[in-house]
$ cat my_file.tsv   # TSV, N, CA and C atoms
chain	number	residue	atom	x	y	z
A	1	MET	N	-27.00	2.31	51.25
A	1	MET	CA	-25.85	2.08	52.10
A	1	MET	C	-25.17	0.79	51.64
A	2	SER	N	-23.87	0.84	51.34
A	2	SER	CA	-23.17	-0.36	50.88
A	2	SER	C	-22.54	-1.09	52.06
A	3	ALA	N	-22.41	-2.39	51.89
A	3	ALA	CA	-21.81	-3.21	52.93
A	3	ALA	C	-20.31	-2.94	52.97
A	4	ALA	N	-19.74	-3.08	54.16
A	4	ALA	CA	-18.31	-2.88	54.31
A	4	ALA	C	-17.55	-3.97	53.55
A	5	LYS	N	-16.46	-3.56	52.92
A	5	LYS	CA	-15.63	-4.50	52.18
A	5	LYS	C	-14.90	-5.40	53.18
A	6	PRO	N	-14.95	-6.73	52.98
A	6	PRO	CA	-14.28	-7.61	53.94
A	6	PRO	C	-12.77	-7.38	53.90
A	7	SER	N	-12.13	-7.64	55.02
A	7	SER	CA	-10.69	-7.37	55.07
A	7	SER	C	-9.96	-8.25	54.06
A	8	ALA	N	-8.86	-7.73	53.57
A	8	ALA	CA	-8.06	-8.45	52.57
A	8	ALA	C	-7.53	-9.75	53.15
A	9	THR	N	-7.23	-9.76	54.43
A	9	THR	CA	-6.72	-10.97	55.07
A	9	THR	C	-7.77	-12.07	55.10
A	10	ILE	N	-8.99	-11.71	55.43
A	10	ILE	CA	-10.07	-12.70	55.47
A	10	ILE	C	-10.36	-13.21	54.06
A	11	ARG	N	-10.38	-12.31	53.10
A	11	ARG	CA	-10.64	-12.70	51.71
A	11	ARG	C	-9.55	-13.65	51.21
A	12	TYR	N	-8.28	-13.32	51.48
A	12	TYR	CA	-7.17	-14.16	51.06
A	12	TYR	C	-7.25	-15.54	51.72
A	13	THR	N	-7.53	-15.55	53.02
A	13	THR	CA	-7.61	-16.82	53.75
A	13	THR	C	-8.73	-17.69	53.21
A	14	LEU	N	-9.88	-17.11	52.94
A	14	LEU	CA	-11.00	-17.89	52.41
A	14	LEU	C	-10.71	-18.43	51.01
A	15	MET	N	-10.04	-17.62	50.20
A	15	MET	CA	-9.69	-18.08	48.85
A	15	MET	C	-8.65	-19.19	48.92
A	16	ARG	N	-7.70	-19.07	49.81
A	16	ARG	CA	-6.67	-20.11	49.96
A	16	ARG	C	-7.30	-21.40	50.47
A	17	LEU	N	-8.21	-21.29	51.42
A	17	LEU	CA	-8.92	-22.46	51.92
A	17	LEU	C	-9.75	-23.11	50.82
A	18	SER	N	-10.38	-22.31	49.98
A	18	SER	CA	-11.16	-22.84	48.87
A	18	SER	C	-10.29	-23.62	47.89
A	19	ILE	N	-9.11	-23.10	47.60
A	19	ILE	CA	-8.19	-23.81	46.70
A	19	ILE	C	-7.78	-25.14	47.32
A	20	PHE	N	-7.50	-25.14	48.63
A	20	PHE	CA	-7.13	-26.39	49.31
A	20	PHE	C	-8.27	-27.40	49.27
A	21	VAL	N	-9.48	-26.96	49.56
A	21	VAL	CA	-10.63	-27.87	49.55
A	21	VAL	C	-10.85	-28.44	48.15
A	22	GLY	N	-10.70	-27.60	47.14
A	22	GLY	CA	-10.82	-28.08	45.76
A	22	GLY	C	-9.77	-29.13	45.43
A	23	CYS	N	-8.53	-28.87	45.83
A	23	CYS	CA	-7.45	-29.84	45.61
A	23	CYS	C	-7.70	-31.12	46.39
A	24	LEU	N	-8.22	-30.99	47.60
A	24	LEU	CA	-8.53	-32.15	48.42
A	24	LEU	C	-9.57	-33.03	47.73
A	25	ALA	N	-10.59	-32.42	47.17
A	25	ALA	CA	-11.63	-33.18	46.47
A	25	ALA	C	-11.05	-33.89	45.24
A	26	VAL	N	-10.25	-33.18	44.47
A	26	VAL	CA	-9.67	-33.76	43.26
A	26	VAL	C	-8.74	-34.92	43.62
A	27	VAL	N	-7.90	-34.73	44.61
A	27	VAL	CA	-6.97	-35.79	45.02
A	27	VAL	C	-7.73	-36.98	45.58
A	28	ALA	N	-8.76	-36.74	46.38
A	28	ALA	CA	-9.54	-37.84	46.95
A	28	ALA	C	-10.18	-38.69	45.85
A	29	VAL	N	-10.73	-38.02	44.84
A	29	VAL	CA	-11.34	-38.75	43.72
A	29	VAL	C	-10.26	-39.51	42.94
A	30	ALA	N	-9.12	-38.87	42.71
A	30	ALA	CA	-8.04	-39.51	41.96
A	30	ALA	C	-7.50	-40.74	42.70
A	31	VAL	N	-7.37	-40.66	44.01
A	31	VAL	CA	-6.90	-41.81	44.79
A	31	VAL	C	-7.96	-42.90	44.82
A	32	THR	N	-9.22	-42.51	44.96
A	32	THR	CA	-10.31	-43.48	45.00
A	32	THR	C	-10.38	-44.29	43.71
A	33	TYR	N	-10.18	-43.64	42.58
A	33	TYR	CA	-10.28	-44.34	41.29
A	33	TYR	C	-8.94	-44.88	40.79
A	34	GLY	N	-7.90	-44.81	41.63
A	34	GLY	CA	-6.62	-45.40	41.29
A	34	GLY	C	-5.76	-44.58	40.34
A	35	LEU	N	-6.13	-43.33	40.10
A	35	LEU	CA	-5.31	-42.48	39.24
A	35	LEU	C	-4.04	-42.02	39.95
A	36	LEU	N	-4.10	-41.95	41.26
A	36	LEU	CA	-2.94	-41.66	42.10
A	36	LEU	C	-2.79	-42.81	43.09
A	37	PRO	N	-1.56	-43.11	43.51
A	37	PRO	CA	-1.39	-44.22	44.45
A	37	PRO	C	-2.02	-43.91	45.80
A	38	SER	N	-2.51	-44.93	46.47
A	38	SER	CA	-3.09	-44.74	47.79
A	38	SER	C	-2.00	-44.90	48.85
A	39	GLY	N	-2.28	-44.44	50.05
A	39	GLY	CA	-1.32	-44.54	51.14
A	39	GLY	C	-1.19	-45.97	51.63
A	40	LEU	N	-0.20	-46.18	52.48
A	40	LEU	CA	0.04	-47.51	53.04
A	40	LEU	C	-0.89	-47.75	54.22
A	41	GLY	N	-1.51	-48.91	54.26
A	41	GLY	CA	-2.35	-49.28	55.40
A	41	GLY	C	-3.44	-48.26	55.67
A	42	GLY	N	-3.47	-47.77	56.90
A	42	GLY	CA	-4.51	-46.81	57.31
A	42	GLY	C	-4.11	-45.37	57.10
A	43	SER	N	-3.04	-45.11	56.36
A	43	SER	CA	-2.56	-43.73	56.19
A	43	SER	C	-3.17	-43.03	54.99
A	44	ASN	N	-4.20	-43.59	54.40
A	44	ASN	CA	-4.75	-43.03	53.18
A	44	ASN	C	-5.26	-41.59	53.36
A	45	VAL	N	-5.91	-41.30	54.47
A	45	VAL	CA	-6.44	-39.95	54.71
A	45	VAL	C	-5.29	-38.95	54.79
A	46	MET	N	-4.25	-39.31	55.53
A	46	MET	CA	-3.10	-38.40	55.65
A	46	MET	C	-2.41	-38.22	54.30
A	47	TRP	N	-2.34	-39.27	53.50
A	47	TRP	CA	-1.75	-39.21	52.16
A	47	TRP	C	-2.53	-38.23	51.28
A	48	VAL	N	-3.83	-38.33	51.31
A	48	VAL	CA	-4.68	-37.45	50.50
A	48	VAL	C	-4.51	-35.99	50.94
A	49	ILE	N	-4.47	-35.76	52.25
A	49	ILE	CA	-4.29	-34.40	52.76
A	49	ILE	C	-2.92	-33.86	52.36
A	50	LEU	N	-1.88	-34.68	52.48
A	50	LEU	CA	-0.54	-34.25	52.10
A	50	LEU	C	-0.46	-33.90	50.62
A	51	LEU	N	-1.03	-34.74	49.77
A	51	LEU	CA	-1.03	-34.44	48.34
A	51	LEU	C	-1.81	-33.16	48.03
A	52	ALA	N	-2.93	-32.98	48.70
A	52	ALA	CA	-3.72	-31.76	48.49
A	52	ALA	C	-2.93	-30.52	48.91
A	53	LEU	N	-2.20	-30.61	50.02
A	53	LEU	CA	-1.37	-29.49	50.46
A	53	LEU	C	-0.27	-29.19	49.45
A	54	LEU	N	0.35	-30.25	48.93
A	54	LEU	CA	1.42	-30.07	47.96
A	54	LEU	C	0.91	-29.46	46.65
A	55	LEU	N	-0.31	-29.76	46.28
A	55	LEU	CA	-0.89	-29.17	45.07
A	55	LEU	C	-1.38	-27.74	45.31
A	56	SER	N	-2.01	-27.52	46.45
A	56	SER	CA	-2.64	-26.22	46.68
A	56	SER	C	-1.63	-25.11	46.98
A	57	ALA	N	-0.48	-25.44	47.55
A	57	ALA	CA	0.50	-24.39	47.89
A	57	ALA	C	0.99	-23.63	46.66
A	58	PRO	N	1.51	-24.31	45.63
A	58	PRO	CA	1.96	-23.53	44.46
A	58	PRO	C	0.80	-22.87	43.71
A	59	LEU	N	-0.38	-23.52	43.70
A	59	LEU	CA	-1.54	-22.90	43.05
A	59	LEU	C	-1.91	-21.60	43.76
A	60	SER	N	-1.93	-21.63	45.08
A	60	SER	CA	-2.25	-20.43	45.85
A	60	SER	C	-1.22	-19.34	45.61
A	61	TYR	N	0.04	-19.73	45.55
A	61	TYR	CA	1.11	-18.76	45.33
A	61	TYR	C	0.94	-18.04	43.99
A	62	ILE	N	0.58	-18.79	42.98
A	62	ILE	CA	0.43	-18.22	41.64
A	62	ILE	C	-0.90	-17.47	41.49
A	63	LEU	N	-1.98	-18.12	41.90
A	63	LEU	CA	-3.32	-17.57	41.64
A	63	LEU	C	-3.71	-16.42	42.57
A	64	LEU	N	-3.13	-16.36	43.75
A	64	LEU	CA	-3.57	-15.36	44.73
A	64	LEU	C	-2.56	-14.23	44.93
A	65	ARG	N	-1.73	-13.99	43.93
A	65	ARG	CA	-0.72	-12.93	44.04
A	65	ARG	C	-1.37	-11.56	44.31
A	66	LYS	N	-2.42	-11.24	43.58
A	66	LYS	CA	-3.08	-9.94	43.73
A	66	LYS	C	-3.65	-9.80	45.15
A	67	GLN	N	-4.30	-10.85	45.64
A	67	GLN	CA	-4.88	-10.80	46.98
A	67	GLN	C	-3.80	-10.69	48.05
A	68	ARG	N	-2.67	-11.35	47.84
A	68	ARG	CA	-1.57	-11.28	48.79
A	68	ARG	C	-1.01	-9.86	48.83
A	69	ASP	N	-0.90	-9.22	47.67
A	69	ASP	CA	-0.42	-7.83	47.62
A	69	ASP	C	-1.40	-6.88	48.31
A	70	GLU	N	-2.70	-7.10	48.11
A	70	GLU	CA	-3.71	-6.27	48.78
A	70	GLU	C	-3.62	-6.44	50.30
A	71	MET	N	-3.44	-7.68	50.73
A	71	MET	CA	-3.35	-7.95	52.16
A	71	MET	C	-2.11	-7.27	52.74
A	72	SER	N	-1.00	-7.35	52.03
A	72	SER	CA	0.23	-6.71	52.49
A	72	SER	C	0.06	-5.20	52.59
A	73	ALA	N	-0.58	-4.61	51.60
A	73	ALA	CA	-0.81	-3.16	51.61
A	73	ALA	C	-1.72	-2.76	52.77
A	74	GLN	N	-2.65	-3.63	53.14
A	74	GLN	CA	-3.57	-3.32	54.23
A	74	GLN	C	-2.88	-3.49	55.59
A	75	ILE	N	-1.96	-4.44	55.69
A	75	ILE	CA	-1.32	-4.73	56.97
A	75	ILE	C	-0.12	-3.83	57.25
A	76	ALA	N	0.61	-3.43	56.22
A	76	ALA	CA	1.86	-2.67	56.39
A	76	ALA	C	1.70	-1.41	57.25
A	77	PRO	N	0.69	-0.56	57.02
A	77	PRO	CA	0.56	0.64	57.88
A	77	PRO	C	0.33	0.29	59.35
A	78	LYS	N	-0.39	-0.78	59.62
A	78	LYS	CA	-0.64	-1.18	61.01
A	78	LYS	C	0.66	-1.62	61.67
A	79	ILE	N	1.49	-2.33	60.93
A	79	ILE	CA	2.78	-2.77	61.47
A	79	ILE	C	3.68	-1.57	61.73
A	80	ASP	N	3.68	-0.61	60.80
A	80	ASP	CA	4.48	0.60	60.98
A	80	ASP	C	4.05	1.38	62.22
A	81	ARG	N	2.73	1.49	62.44
A	81	ARG	CA	2.24	2.19	63.64
A	81	ARG	C	2.65	1.44	64.90
A	82	ALA	N	2.56	0.12	64.89
A	82	ALA	CA	2.95	-0.66	66.06
A	82	ALA	C	4.44	-0.50	66.35
A	83	LYS	N	5.26	-0.49	65.32
A	83	LYS	CA	6.71	-0.29	65.50
A	83	LYS	C	6.99	1.10	66.08
A	84	ALA	N	6.26	2.09	65.59
A	84	ALA	CA	6.46	3.46	66.10
A	84	ALA	C	6.08	3.55	67.58
A	85	ARG	N	4.96	2.92	67.96
A	85	ARG	CA	4.55	2.92	69.37
A	85	ARG	C	5.58	2.20	70.23
A	86	LEU	N	6.10	1.08	69.75
A	86	LEU	CA	7.10	0.33	70.49
A	86	LEU	C	8.36	1.16	70.68
A	87	ALA	N	8.80	1.83	69.62
A	87	ALA	CA	9.98	2.68	69.71
A	87	ALA	C	9.76	3.83	70.69
A	88	ALA	N	8.57	4.42	70.68
A	88	ALA	CA	8.26	5.52	71.60
A	88	ALA	C	8.27	5.01	73.04
A	89	ASN	N	7.71	3.83	73.27
A	89	ASN	CA	7.72	3.26	74.62
A	89	ASN	C	9.13	2.95	75.09
A	90	GLN	N	9.97	2.44	74.19
A	90	GLN	CA	11.35	2.15	74.56
A	90	GLN	C	12.11	3.42	74.87
A	91	ASP	N	11.84	4.49	74.11
A	91	ASP	CA	12.50	5.77	74.39
A	91	ASP	C	12.10	6.31	75.76
A	92	GLN	N	10.83	6.14	76.13
A	92	GLN	CA	10.36	6.59	77.46
A	92	GLN	C	11.05	5.79	78.54
A	93	GLU	N	11.18	4.49	78.36
A	93	GLU	CA	11.83	3.65	79.35
A	93	GLU	C	13.31	3.98	79.48
A	94	ASP	N	13.97	4.28	78.35
A	94	ASP	CA	15.39	4.62	78.39
A	94	ASP	C	15.63	5.94	79.11
A	95	GLY	N	14.65	6.83	79.08
A	95	GLY	CA	14.79	8.14	79.72
A	95	GLY	C	14.61	8.09	81.23
A	96	VAL	N	14.10	7.02	81.79
A	96	VAL	CA	13.86	6.91	83.22
A	96	VAL	C	15.15	6.47	83.91
A	97	ALA	N	15.55	7.23	84.92
A	97	ALA	CA	16.78	6.90	85.67
A	97	ALA	C	16.47	5.82	86.70
A	98	PRO	N	17.38	4.85	86.86
A	98	PRO	CA	17.14	3.78	87.87
A	98	PRO	C	17.28	4.26	89.28
$ encode --input "my_file.tsv" --output "structure tokens"
Amino acid sequence: MSAAKPSATIRYTLMRLSIFVGCLAVVAVAVTYGLLPSGLGGSNVMWVILLALLLSAPLSYILLRKQRDEMSAQIAPKIDRAKARLAANQDQEDGVAP
């Protein structure tokens, strides 16, 4: 018996989080050793997080294209069914006389 394949959304989210954590570690080391400028006063932690976000966003966009497409393919039918149910409910409401 094989284990169920994890949802594409969970897989994408975990991979994106992993890329962010990796960027966070790299930026923290670079700031610690003076390779990147440190933040002003006590803002160093926020500076490191901001730099990590700025690095991880384009990396995620490029590296996770396949996972994003899989997630979209998995979610699209569910959205279509929800839209159909909503339209059916609206049609029922429109048919009721006040």
$ atom_distance --input "my_file.tsv" --atom1 "atom N of Ser7 in chain A" --atom2 "atom C of Pro58 in chain A"
23.0 Å
$ select_by_dssp --input "my_file.tsv" --residues "range 27-95 of chain A" --states "alpha helix (DSSP H)" --output "mmCIF file with N, CA and C atoms, in the coordinates of the input"
data_model
loop_
_atom_site.group_PDB
_atom_site.id
_atom_site.type_symbol
_atom_site.label_atom_id
_atom_site.label_comp_id
_atom_site.auth_asym_id
_atom_site.auth_seq_id
_atom_site.Cartn_x
_atom_site.Cartn_y
_atom_site.Cartn_z
ATOM 1 N N VAL A 27 -7.900 -34.730 44.610
ATOM 2 C CA VAL A 27 -6.970 -35.790 45.020
ATOM 3 C C VAL A 27 -7.730 -36.980 45.580
ATOM 4 N N ALA A 28 -8.760 -36.740 46.380
ATOM 5 C CA ALA A 28 -9.540 -37.840 46.950
ATOM 6 C C ALA A 28 -10.180 -38.690 45.850
ATOM 7 N N VAL A 29 -10.730 -38.020 44.840
ATOM 8 C CA VAL A 29 -11.340 -38.750 43.720
ATOM 9 C C VAL A 29 -10.260 -39.510 42.940
ATOM 10 N N ALA A 30 -9.120 -38.870 42.710
ATOM 11 C CA ALA A 30 -8.040 -39.510 41.960
ATOM 12 C C ALA A 30 -7.500 -40.740 42.700
ATOM 13 N N VAL A 31 -7.370 -40.660 44.010
ATOM 14 C CA VAL A 31 -6.900 -41.810 44.790
ATOM 15 C C VAL A 31 -7.960 -42.900 44.820
ATOM 16 N N THR A 32 -9.220 -42.510 44.960
ATOM 17 C CA THR A 32 -10.310 -43.480 45.000
ATOM 18 C C THR A 32 -10.380 -44.290 43.710
ATOM 19 N N ASN A 44 -4.200 -43.590 54.400
ATOM 20 C CA ASN A 44 -4.750 -43.030 53.180
ATOM 21 C C ASN A 44 -5.260 -41.590 53.360
ATOM 22 N N VAL A 45 -5.910 -41.300 54.470
ATOM 23 C CA VAL A 45 -6.440 -39.950 54.710
ATOM 24 C C VAL A 45 -5.290 -38.950 54.790
ATOM 25 N N MET A 46 -4.250 -39.310 55.530
ATOM 26 C CA MET A 46 -3.100 -38.400 55.650
ATOM 27 C C MET A 46 -2.410 -38.220 54.300
ATOM 28 N N TRP A 47 -2.340 -39.270 53.500
ATOM 29 C CA TRP A 47 -1.750 -39.210 52.160
ATOM 30 C C TRP A 47 -2.530 -38.230 51.280
ATOM 31 N N VAL A 48 -3.830 -38.330 51.310
ATOM 32 C CA VAL A 48 -4.680 -37.450 50.500
ATOM 33 C C VAL A 48 -4.510 -35.990 50.940
ATOM 34 N N ILE A 49 -4.470 -35.760 52.250
ATOM 35 C CA ILE A 49 -4.290 -34.400 52.760
ATOM 36 C C ILE A 49 -2.920 -33.860 52.360
ATOM 37 N N LEU A 50 -1.880 -34.680 52.480
ATOM 38 C CA LEU A 50 -0.540 -34.250 52.100
ATOM 39 C C LEU A 50 -0.460 -33.900 50.620
ATOM 40 N N LEU A 51 -1.030 -34.740 49.770
ATOM 41 C CA LEU A 51 -1.030 -34.440 48.340
ATOM 42 C C LEU A 51 -1.810 -33.160 48.030
ATOM 43 N N ALA A 52 -2.930 -32.980 48.700
ATOM 44 C CA ALA A 52 -3.720 -31.760 48.490
ATOM 45 C C ALA A 52 -2.930 -30.520 48.910
ATOM 46 N N LEU A 53 -2.200 -30.610 50.020
ATOM 47 C CA LEU A 53 -1.370 -29.490 50.460
ATOM 48 C C LEU A 53 -0.270 -29.190 49.450
ATOM 49 N N LEU A 54 0.350 -30.250 48.930
ATOM 50 C CA LEU A 54 1.420 -30.070 47.960
ATOM 51 C C LEU A 54 0.910 -29.460 46.650
ATOM 52 N N LEU A 55 -0.310 -29.760 46.280
ATOM 53 C CA LEU A 55 -0.890 -29.170 45.070
ATOM 54 C C LEU A 55 -1.380 -27.740 45.310
ATOM 55 N N SER A 56 -2.010 -27.520 46.450
ATOM 56 C CA SER A 56 -2.640 -26.220 46.680
ATOM 57 C C SER A 56 -1.630 -25.110 46.980
ATOM 58 N N ALA A 57 -0.480 -25.440 47.550
ATOM 59 C CA ALA A 57 0.500 -24.390 47.890
ATOM 60 C C ALA A 57 0.990 -23.630 46.660
ATOM 61 N N PRO A 58 1.510 -24.310 45.630
ATOM 62 C CA PRO A 58 1.960 -23.530 44.460
ATOM 63 C C PRO A 58 0.800 -22.870 43.710
ATOM 64 N N LEU A 59 -0.380 -23.520 43.700
ATOM 65 C CA LEU A 59 -1.540 -22.900 43.050
ATOM 66 C C LEU A 59 -1.910 -21.600 43.760
ATOM 67 N N SER A 60 -1.930 -21.630 45.080
ATOM 68 C CA SER A 60 -2.250 -20.430 45.850
ATOM 69 C C SER A 60 -1.220 -19.340 45.610
ATOM 70 N N TYR A 61 0.040 -19.730 45.550
ATOM 71 C CA TYR A 61 1.110 -18.760 45.330
ATOM 72 C C TYR A 61 0.940 -18.040 43.990
ATOM 73 N N ILE A 62 0.580 -18.790 42.980
ATOM 74 C CA ILE A 62 0.430 -18.220 41.640
ATOM 75 C C ILE A 62 -0.900 -17.470 41.490
ATOM 76 N N LEU A 63 -1.980 -18.120 41.900
ATOM 77 C CA LEU A 63 -3.320 -17.570 41.640
ATOM 78 C C LEU A 63 -3.710 -16.420 42.570
ATOM 79 N N ARG A 65 -1.730 -13.990 43.930
ATOM 80 C CA ARG A 65 -0.720 -12.930 44.040
ATOM 81 C C ARG A 65 -1.370 -11.560 44.310
ATOM 82 N N LYS A 66 -2.420 -11.240 43.580
ATOM 83 C CA LYS A 66 -3.080 -9.940 43.730
ATOM 84 C C LYS A 66 -3.650 -9.800 45.150
ATOM 85 N N GLN A 67 -4.300 -10.850 45.640
ATOM 86 C CA GLN A 67 -4.880 -10.800 46.980
ATOM 87 C C GLN A 67 -3.800 -10.690 48.050
ATOM 88 N N ARG A 68 -2.670 -11.350 47.840
ATOM 89 C CA ARG A 68 -1.570 -11.280 48.790
ATOM 90 C C ARG A 68 -1.010 -9.860 48.830
ATOM 91 N N ASP A 69 -0.900 -9.220 47.670
ATOM 92 C CA ASP A 69 -0.420 -7.830 47.620
ATOM 93 C C ASP A 69 -1.400 -6.880 48.310
ATOM 94 N N GLU A 70 -2.700 -7.100 48.110
ATOM 95 C CA GLU A 70 -3.710 -6.270 48.780
ATOM 96 C C GLU A 70 -3.620 -6.440 50.300
ATOM 97 N N MET A 71 -3.440 -7.680 50.730
ATOM 98 C CA MET A 71 -3.350 -7.950 52.160
ATOM 99 C C MET A 71 -2.110 -7.270 52.740
ATOM 100 N N SER A 72 -1.000 -7.350 52.030
ATOM 101 C CA SER A 72 0.230 -6.710 52.490
ATOM 102 C C SER A 72 0.060 -5.200 52.590
ATOM 103 N N ALA A 73 -0.580 -4.610 51.600
ATOM 104 C CA ALA A 73 -0.810 -3.160 51.610
ATOM 105 C C ALA A 73 -1.720 -2.760 52.770
ATOM 106 N N GLN A 74 -2.650 -3.630 53.140
ATOM 107 C CA GLN A 74 -3.570 -3.320 54.230
ATOM 108 C C GLN A 74 -2.880 -3.490 55.590
ATOM 109 N N ILE A 75 -1.960 -4.440 55.690
ATOM 110 C CA ILE A 75 -1.320 -4.730 56.970
ATOM 111 C C ILE A 75 -0.120 -3.830 57.250
ATOM 112 N N ALA A 76 0.610 -3.430 56.220
ATOM 113 C CA ALA A 76 1.860 -2.670 56.390
ATOM 114 C C ALA A 76 1.700 -1.410 57.250
ATOM 115 N N PRO A 77 0.690 -0.560 57.020
ATOM 116 C CA PRO A 77 0.560 0.640 57.880
ATOM 117 C C PRO A 77 0.330 0.290 59.350
ATOM 118 N N LYS A 78 -0.390 -0.780 59.620
ATOM 119 C CA LYS A 78 -0.640 -1.180 61.010
ATOM 120 C C LYS A 78 0.660 -1.620 61.670
ATOM 121 N N ILE A 79 1.490 -2.330 60.930
ATOM 122 C CA ILE A 79 2.780 -2.770 61.470
ATOM 123 C C ILE A 79 3.680 -1.570 61.730
ATOM 124 N N ASP A 80 3.680 -0.610 60.800
ATOM 125 C CA ASP A 80 4.480 0.600 60.980
ATOM 126 C C ASP A 80 4.050 1.380 62.220
ATOM 127 N N ARG A 81 2.730 1.490 62.440
ATOM 128 C CA ARG A 81 2.240 2.190 63.640
ATOM 129 C C ARG A 81 2.650 1.440 64.900
ATOM 130 N N ALA A 82 2.560 0.120 64.890
ATOM 131 C CA ALA A 82 2.950 -0.660 66.060
ATOM 132 C C ALA A 82 4.440 -0.500 66.350
ATOM 133 N N LYS A 83 5.260 -0.490 65.320
ATOM 134 C CA LYS A 83 6.710 -0.290 65.500
ATOM 135 C C LYS A 83 6.990 1.100 66.080
ATOM 136 N N ALA A 84 6.260 2.090 65.590
ATOM 137 C CA ALA A 84 6.460 3.460 66.100
ATOM 138 C C ALA A 84 6.080 3.550 67.580
ATOM 139 N N ARG A 85 4.960 2.920 67.960
ATOM 140 C CA ARG A 85 4.550 2.920 69.370
ATOM 141 C C ARG A 85 5.580 2.200 70.230
ATOM 142 N N LEU A 86 6.100 1.080 69.750
ATOM 143 C CA LEU A 86 7.100 0.330 70.490
ATOM 144 C C LEU A 86 8.360 1.160 70.680
ATOM 145 N N ALA A 87 8.800 1.830 69.620
ATOM 146 C CA ALA A 87 9.980 2.680 69.710
ATOM 147 C C ALA A 87 9.760 3.830 70.690
ATOM 148 N N ALA A 88 8.570 4.420 70.680
ATOM 149 C CA ALA A 88 8.260 5.520 71.600
ATOM 150 C C ALA A 88 8.270 5.010 73.040
ATOM 151 N N ASN A 89 7.710 3.830 73.270
ATOM 152 C CA ASN A 89 7.720 3.260 74.620
ATOM 153 C C ASN A 89 9.130 2.950 75.090
ATOM 154 N N GLN A 90 9.970 2.440 74.190
ATOM 155 C CA GLN A 90 11.350 2.150 74.560
ATOM 156 C C GLN A 90 12.110 3.420 74.870
ATOM 157 N N ASP A 91 11.840 4.490 74.110
ATOM 158 C CA ASP A 91 12.500 5.770 74.390
ATOM 159 C C ASP A 91 12.100 6.310 75.760
ATOM 160 N N GLN A 92 10.830 6.140 76.130
ATOM 161 C CA GLN A 92 10.360 6.590 77.460
ATOM 162 C C GLN A 92 11.050 5.790 78.540
ATOM 163 N N GLU A 93 11.180 4.490 78.360
ATOM 164 C CA GLU A 93 11.830 3.650 79.350
ATOM 165 C C GLU A 93 13.310 3.980 79.480
ATOM 166 N N ASP A 94 13.970 4.280 78.350
ATOM 167 C CA ASP A 94 15.390 4.620 78.390
ATOM 168 C C ASP A 94 15.630 5.940 79.110
ATOM 169 N N GLY A 95 14.650 6.830 79.080
ATOM 170 C CA GLY A 95 14.790 8.140 79.720
ATOM 171 C C GLY A 95 14.610 8.090 81.230
#
$ axis_aligned_box --input "my_file.tsv" --around "range 57-75 of chain A" --padding-each-side "6 Å" --output "lines of an AutoDock Vina configuration file"
center_x = -1.5
center_y = -14.1
center_z = 49.4
size_x = 18.8
size_y = 34.7
size_z = 27.8
$ residues_around --input "my_file.tsv" --residues "range 18-22 of chain A" --least-positions-apart "6" --cutoff "8 Å" --atoms "all atoms listed in the file" --output "ChimeraX atom specification"
/A:12,28,52-53,55-57,59-60
$ atom_distance --input "my_file.tsv" --atom1 "atom C of Asp69 in chain A" --atom2 "CA of Ala8 in chain A"
8.1 Å
$ closest_residue --input "my_file.tsv" --among "A:Leu51, A:Leu40, A:Ala87, A:Ile75" --to "Ile10 in chain A" --atoms "only C-alpha atoms"
A:Ile75
$ residues_around --input "my_file.tsv" --residues "Gly39 in chain A" --least-positions-apart "6" --cutoff "7 Å" --atoms "only N, CA and C atoms" --output "list in words"
Val45, Trp47 and Val48 of chain A
$ atom_distance --input "my_file.tsv" --atom1 "CA of Gln67 in chain A" --atom2 "CA of Thr9 in chain A"
8.3 Å
$ decode --input "my_file.tsv" --residues "range 59-69 of chain A" --atoms "N, CA and C atoms" --output "PDB file, in the first residue's frame"
ATOM      1  N   LEU A  59      13.700  33.838  -6.476  1.00  0.00           N
ATOM      2  CA  LEU A  59      14.169  32.451  -6.544  1.00  0.00           C
ATOM      3  C   LEU A  59      12.985  31.490  -6.565  1.00  0.00           C
ATOM      4  N   SER A  60      12.010  31.726  -5.701  1.00  0.00           N
ATOM      5  CA  SER A  60      10.822  30.874  -5.660  1.00  0.00           C
ATOM      6  C   SER A  60      10.061  30.940  -6.973  1.00  0.00           C
ATOM      7  N   TYR A  61       9.966  32.138  -7.524  1.00  0.00           N
ATOM      8  CA  TYR A  61       9.240  32.314  -8.780  1.00  0.00           C
ATOM      9  C   TYR A  61       9.881  31.501  -9.904  1.00  0.00           C
ATOM     10  N   ILE A  62      11.188  31.506  -9.945  1.00  0.00           N
ATOM     11  CA  ILE A  62      11.911  30.796 -11.010  1.00  0.00           C
ATOM     12  C   ILE A  62      11.983  29.293 -10.730  1.00  0.00           C
ATOM     13  N   LEU A  63      12.378  28.938  -9.521  1.00  0.00           N
ATOM     14  CA  LEU A  63      12.652  27.534  -9.202  1.00  0.00           C
ATOM     15  C   LEU A  63      11.396  26.684  -8.996  1.00  0.00           C
ATOM     16  N   LEU A  64      10.296  27.300  -8.613  1.00  0.00           N
ATOM     17  CA  LEU A  64       9.098  26.522  -8.264  1.00  0.00           C
ATOM     18  C   LEU A  64       7.983  26.632  -9.308  1.00  0.00           C
ATOM     19  N   ARG A  65       8.352  26.937 -10.535  1.00  0.00           N
ATOM     20  CA  ARG A  65       7.347  27.073 -11.598  1.00  0.00           C
ATOM     21  C   ARG A  65       6.541  25.776 -11.775  1.00  0.00           C
ATOM     22  N   LYS A  66       7.219  24.648 -11.808  1.00  0.00           N
ATOM     23  CA  LYS A  66       6.540  23.362 -12.008  1.00  0.00           C
ATOM     24  C   LYS A  66       5.558  23.093 -10.861  1.00  0.00           C
ATOM     25  N   GLN A  67       5.997  23.330  -9.633  1.00  0.00           N
ATOM     26  CA  GLN A  67       5.130  23.092  -8.481  1.00  0.00           C
ATOM     27  C   GLN A  67       3.932  24.040  -8.478  1.00  0.00           C
ATOM     28  N   ARG A  68       4.147  25.280  -8.915  1.00  0.00           N
ATOM     29  CA  ARG A  68       3.063  26.245  -8.977  1.00  0.00           C
ATOM     30  C   ARG A  68       2.030  25.805 -10.016  1.00  0.00           C
ATOM     31  N   ASP A  69       2.492  25.281 -11.150  1.00  0.00           N
ATOM     32  CA  ASP A  69       1.580  24.780 -12.179  1.00  0.00           C
ATOM     33  C   ASP A  69       0.792  23.565 -11.677  1.00  0.00           C
TER      34      ASP A  69
END
